[in-house]
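S.K.: Quick one: this structure, given as structure tokens, is what I'll be asking you about.
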Amino acid sequence: MFLYRDAELSFHHSFSLHPLEEFPKSAAPHTHTQHELYFFVAGSADYLVEGRLYPLEPGSVMVMRRGEFHKVSVRSNSPYERIVLSFEESVLQPKGVAALLLAPLVNRPLGTGNLFTAREVRSAYIQECLKGVDRAPQAPEQRRLAVQCALYTVLYELQSAFLRRGVKTAQEPGVQLLGSSIVEYINGHLFEELSLEILAEKFYLSKNHLNRLFKEASGSTVWEYIRLKRLLAAHWRIAGGAAATAAAADCGFHDYSAFYRAYKKHFGVAPGSQKGEQ
């Protein structure tokens with residue numbers, strides 16, 4: 001219905017008439033190098049983020065910081081409408097303002113507090129603000145301005161709701177899946193020696209049982225999850241100025257040629273070609 005994209009910002013307002021065909025239950029989770037805001041307009045769906053399942057209601061807002069594994073799970077073929085806004089931190093200036101506005105995304109445990117219900121925020125106001133972007137003039141600079149203004153407005157609404165929550169994020173409606181403790185352990189030991197055998201021994205489970213629990217919680221196999229998380233960590237280190245070889249070694253890759261191939265396949269460029277870009 002509407003699409004805008006540049007290096008720092010992307011916005012799309014989308015409508016799926018037959019969502020079960022577009023979003024099969026077997027679809028893999030994904031993650032981004034940018035932060036993401038997702039506004040659920042209509043349909044029947046859940047959102048899975050890092051081992052927590054969030055039931056969506058019209059007017060819900062999901063927030064995912066960069067690197068958080070997530071996927072939508074469509075429950076029925078009801079028409080599905082959503083608005084998604086992704087952005088780099090560099091869009092938010094000055095840095096003091098950015099730190100305040102990013103609090104709902106970064107000042108919380110991984111996979112916790114991602115959902116803001118329509119009862120927590122001024123949902124109708126957020127929807128009107130986001131849908132207002134659809135009416136922006138065609139000129140690229142005007143479209144970017146409309147997206148950026150909407151971003152500041154929505155982040156302010158979320159930050160206000162986040163402050164009202166205080167430390168009560170554990171009481172949110174998301175259902176913590178059984179395998180989420182495995183997700184948490186992996187993220188806490190991401191650059192250490194990790195394997196299905198090590199994790200199975202740690203959690204007193206068979207390898208098959210552990211992998212099944214983990215896939216229910218994250219939507220991914222254990223090794224695919226670890227590999228992608230390490231690739232993202234290496235990507236951000238390289239963007240910050242680190243040498244590709246050092247970033248690979250620091251992030252758990254012992255074979256640089258294997259890292260090079262995986263990095264190029266995932267990001268579409270060779271490691272180091274985007275150094276200095278955050």
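To be explicit about the labels: the chains of the structure tokens are called A, B, and onward in the order shown, and within each one the residues are counted from 1, while ligands get numbers from 1 in the order they are shown.
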Write out as a ChimeraX atom specification each polymer residue whose atoms come within 12 Å of Gly188 (chain A), counting only C-alpha atoms; drop sequence neighbours fewer than 6 positions from it.
M.R.: /A:109-110,181-182,194,226,229
S.K.: Write a file of the just-selected residues containing N, CA and C atoms, as a short mmCIF file (atom, residue, chain, number, x, y, z; two decimals), in the first residue's frame.
M.R.:
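File produced: part_17.cif:
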data_model
loop_
_atom_site.label_atom_id
_atom_site.label_comp_id
_atom_site.auth_asym_id
_atom_site.auth_seq_id
_atom_site.Cartn_x
_atom_site.Cartn_y
_atom_site.Cartn_z
N PRO A 109 15.50 -6.86 28.97
CA PRO A 109 16.12 -8.13 28.59
C PRO A 109 15.70 -8.57 27.20
N LEU A 110 16.55 -9.31 26.55
CA LEU A 110 16.28 -9.83 25.21
C LEU A 110 14.98 -10.63 25.20
N SER A 181 14.67 -20.61 28.11
CA SER A 181 15.85 -20.63 28.98
C SER A 181 17.09 -21.05 28.18
N ILE A 182 16.90 -21.89 27.16
CA ILE A 182 18.01 -22.27 26.29
C ILE A 182 18.42 -21.07 25.44
N LEU A 194 30.08 -23.69 21.88
CA LEU A 194 28.68 -24.10 21.96
C LEU A 194 28.42 -25.19 20.92
N ILE A 226 22.66 -19.77 16.48
CA ILE A 226 23.99 -19.37 16.94
C ILE A 226 24.77 -18.71 15.80
N LYS A 229 23.40 -15.17 15.02
CA LYS A 229 23.72 -14.22 16.08
C LYS A 229 25.19 -13.83 16.04
#
S.K.: How far is it from CA of Pro140 (chain A) to CA of Gln34 (chain A), in Å with one decimal?
M.R.: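 Answer for the CA of Pro140 (chain A) to CA of Gln34 (chain A) separation: 20.5 Å.
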S.K.: Could you list, as number ranges by chain, every residue within 12 Å of region 142-156 of chain A, counting only C-alpha atoms and ignoring same-chain residues fewer than 6 positions away?
M.R.: A: 2-13, 35-39, 61-63, 83-93, 97-105, 116, 121-136, 162-163
S.K.: From the DSSP assignment of the backbone, select every residue of region 36-259 of chain A that is strand (DSSP E or B), and format the answer as number ranges by chain.
M.R.: A: 36-42, 45-49, 52-55, 61-64, 70-74, 80-87, 115-116, 175-176
S.K.: Mind checking which residues fall within 10 Å of Thr31 (chain A), counting only C-alpha atoms, ignoring those fewer than 3 positions away in the same chain, and posting them as a list in words?
M.R.: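 The residues that qualify are Gln34, His35, Glu36, Val49, Met64, Arg65, Arg66, Gly67, Glu68, Phe69, His70, Lys71, Leu228, Lys229 and Leu232 of chain A.
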S.K.: Take the residues from that selection and put them in a file with C-alpha atoms, as a short mmCIF file (atom, residue, chain, number, x, y, z; two decimals), in the first residue's frame.
M.R.:
data_model
loop_
_atom_site.label_atom_id
_atom_site.label_comp_id
_atom_site.auth_asym_id
_atom_site.auth_seq_id
_atom_site.Cartn_x
_atom_site.Cartn_y
_atom_site.Cartn_z
CA GLN A 34 18.17 -2.10 12.21
CA HIS A 35 15.61 -1.55 14.98
CA GLU A 36 12.00 -2.28 14.04
CA VAL A 49 10.41 -13.08 19.72
CA MET A 64 12.38 -5.31 18.19
CA ARG A 65 15.87 -3.99 18.72
CA ARG A 66 18.48 -4.88 16.15
CA GLY A 67 19.49 -8.52 16.38
CA GLU A 68 16.33 -9.84 18.07
CA PHE A 69 15.04 -13.02 16.41
CA HIS A 70 11.36 -12.70 15.47
CA LYS A 71 8.63 -13.98 13.18
CA LEU A 228 23.23 -15.84 12.68
CA LYS A 229 23.72 -14.22 16.08
CA LEU A 232 25.37 -10.07 13.40
#
S.K.: Which one is closest to Ala28 (chain A): A:Ser195, A:Ser218, A:Asn77, A:Ser16? Count only C-alpha atoms.
M.R.: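 Counting only C-alpha atoms, the residue closest to Ala28 (chain A) is A:Ser218.
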S.K.: Could you state the separation of CA of Ala244 (chain A) and CA of Ser273 (chain A) in Å, given to one decimal place?
M.R.: 9.5 Å
S.K.: I need the residues of region 60-139 of chain A that end up classed as helix (DSSP H, G or I) by DSSP on the backbone, written out as a count of residues only.
M.R.: 27
S.K.: Need to verify the contact set: Leu199 (chain A), 10 Å, only C-alpha atoms, exclusion of same-chain residues closer than 2 positions in sequence. Can you return it as a PyMOL selection string?
M.R.: chain A and resi 182+185-186+194-197+201-207+210-211+222
S.K.: Keeping only N, CA, C and O atoms, take the residues you just selected and write them out as a PDB file, in the first residue's frame.
M.R.:
ATOM      1  N   ILE A 182      16.897 -21.888  27.162  1.00  0.00           N
ATOM      2  CA  ILE A 182      18.013 -22.269  26.287  1.00  0.00           C
ATOM      3  C   ILE A 182      18.424 -21.068  25.438  1.00  0.00           C
ATOM      4  O   ILE A 182      19.618 -20.800  25.251  1.00  0.00           O
ATOM      5  N   TYR A 185      20.414 -18.775  27.641  1.00  0.00           N
ATOM      6  CA  TYR A 185      21.756 -19.301  27.918  1.00  0.00           C
ATOM      7  C   TYR A 185      22.682 -19.079  26.718  1.00  0.00           C
ATOM      8  O   TYR A 185      23.830 -18.654  26.885  1.00  0.00           O
ATOM      9  N   ILE A 186      22.188 -19.359  25.520  1.00  0.00           N
ATOM     10  CA  ILE A 186      23.015 -19.178  24.324  1.00  0.00           C
ATOM     11  C   ILE A 186      23.454 -17.730  24.188  1.00  0.00           C
ATOM     12  O   ILE A 186      24.624 -17.440  23.905  1.00  0.00           O
ATOM     13  N   LEU A 194      30.083 -23.693  21.876  1.00  0.00           N
ATOM     14  CA  LEU A 194      28.683 -24.103  21.958  1.00  0.00           C
ATOM     15  C   LEU A 194      28.419 -25.191  20.924  1.00  0.00           C
ATOM     16  O   LEU A 194      28.866 -25.095  19.791  1.00  0.00           O
ATOM     17  N   SER A 195      27.685 -26.182  21.316  1.00  0.00           N
ATOM     18  CA  SER A 195      27.264 -27.240  20.404  1.00  0.00           C
ATOM     19  C   SER A 195      26.002 -27.858  20.960  1.00  0.00           C
ATOM     20  O   SER A 195      25.634 -27.642  22.128  1.00  0.00           O
ATOM     21  N   LEU A 196      25.326 -28.642  20.148  1.00  0.00           N
ATOM     22  CA  LEU A 196      24.127 -29.332  20.604  1.00  0.00           C
ATOM     23  C   LEU A 196      24.465 -30.264  21.752  1.00  0.00           C
ATOM     24  O   LEU A 196      23.694 -30.391  22.716  1.00  0.00           O
ATOM     25  N   GLU A 197      25.624 -30.911  21.689  1.00  0.00           N
ATOM     26  CA  GLU A 197      26.043 -31.825  22.753  1.00  0.00           C
ATOM     27  C   GLU A 197      26.260 -31.083  24.071  1.00  0.00           C
ATOM     28  O   GLU A 197      25.800 -31.526  25.128  1.00  0.00           O
ATOM     29  N   GLU A 201      23.828 -31.512  27.454  1.00  0.00           N
ATOM     30  CA  GLU A 201      24.376 -31.891  28.763  1.00  0.00           C
ATOM     31  C   GLU A 201      24.039 -30.852  29.818  1.00  0.00           C
ATOM     32  O   GLU A 201      23.694 -31.183  30.953  1.00  0.00           O
ATOM     33  N   LYS A 202      24.105 -29.573  29.434  1.00  0.00           N
ATOM     34  CA  LYS A 202      23.815 -28.483  30.358  1.00  0.00           C
ATOM     35  C   LYS A 202      22.374 -28.540  30.856  1.00  0.00           C
ATOM     36  O   LYS A 202      22.105 -28.312  32.037  1.00  0.00           O
ATOM     37  N   PHE A 203      21.428 -28.885  29.978  1.00  0.00           N
ATOM     38  CA  PHE A 203      20.011 -28.857  30.332  1.00  0.00           C
ATOM     39  C   PHE A 203      19.424 -30.246  30.597  1.00  0.00           C
ATOM     40  O   PHE A 203      18.211 -30.388  30.748  1.00  0.00           O
ATOM     41  N   TYR A 204      20.291 -31.239  30.644  1.00  0.00           N
ATOM     42  CA  TYR A 204      19.866 -32.610  30.977  1.00  0.00           C
ATOM     43  C   TYR A 204      18.765 -33.095  30.041  1.00  0.00           C
ATOM     44  O   TYR A 204      17.751 -33.653  30.456  1.00  0.00           O
ATOM     45  N   LEU A 205      18.984 -32.865  28.746  1.00  0.00           N
ATOM     46  CA  LEU A 205      18.017 -33.266  27.728  1.00  0.00           C
ATOM     47  C   LEU A 205      18.739 -34.041  26.627  1.00  0.00           C
ATOM     48  O   LEU A 205      19.946 -33.896  26.440  1.00  0.00           O
ATOM     49  N   SER A 206      17.996 -34.844  25.900  1.00  0.00           N
ATOM     50  CA  SER A 206      18.583 -35.457  24.715  1.00  0.00           C
ATOM     51  C   SER A 206      18.756 -34.366  23.660  1.00  0.00           C
ATOM     52  O   SER A 206      18.082 -33.320  23.688  1.00  0.00           O
ATOM     53  N   LYS A 207      19.648 -34.591  22.702  1.00  0.00           N
ATOM     54  CA  LYS A 207      19.883 -33.592  21.662  1.00  0.00           C
ATOM     55  C   LYS A 207      18.615 -33.349  20.844  1.00  0.00           C
ATOM     56  O   LYS A 207      18.302 -32.204  20.509  1.00  0.00           O
ATOM     57  N   LEU A 210      16.114 -31.330  22.978  1.00  0.00           N
ATOM     58  CA  LEU A 210      16.558 -29.947  23.135  1.00  0.00           C
ATOM     59  C   LEU A 210      16.341 -29.158  21.854  1.00  0.00           C
ATOM     60  O   LEU A 210      15.844 -28.019  21.883  1.00  0.00           O
ATOM     61  N   ASN A 211      16.685 -29.757  20.729  1.00  0.00           N
ATOM     62  CA  ASN A 211      16.523 -29.045  19.461  1.00  0.00           C
ATOM     63  C   ASN A 211      15.053 -28.760  19.169  1.00  0.00           C
ATOM     64  O   ASN A 211      14.696 -27.700  18.645  1.00  0.00           O
ATOM     65  N   VAL A 222      19.089 -24.855  16.635  1.00  0.00           N
ATOM     66  CA  VAL A 222      20.104 -24.305  17.536  1.00  0.00           C
ATOM     67  C   VAL A 222      21.271 -23.723  16.740  1.00  0.00           C
ATOM     68  O   VAL A 222      21.690 -22.580  16.974  1.00  0.00           O
TER      69      VAL A 222
END
S.K.: For the atom pair CA of Ala242 (chain A) and CA of Glu184 (chain A), what is the interatomic distance in Å to one decimal place?
M.R.: 26.5 Å
S.K.: Smallest atom-to-atom distance to Thr221 (chain A): which of A:Gly252, A:Ala247, A:His209, A:Trp236, using only C-alpha atoms?
M.R.: A:His209
S.K.: Quick one: everything within 12 Å of Ala234 (chain A), counting only C-alpha atoms, minus sequence neighbours fewer than 4 positions away in the same chain. Send it as an MDAnalysis selection string.
M.R.: chainID A and resid 33 67 190:191 227:230 238:253 256 259:260 262:263 267 271:272 275
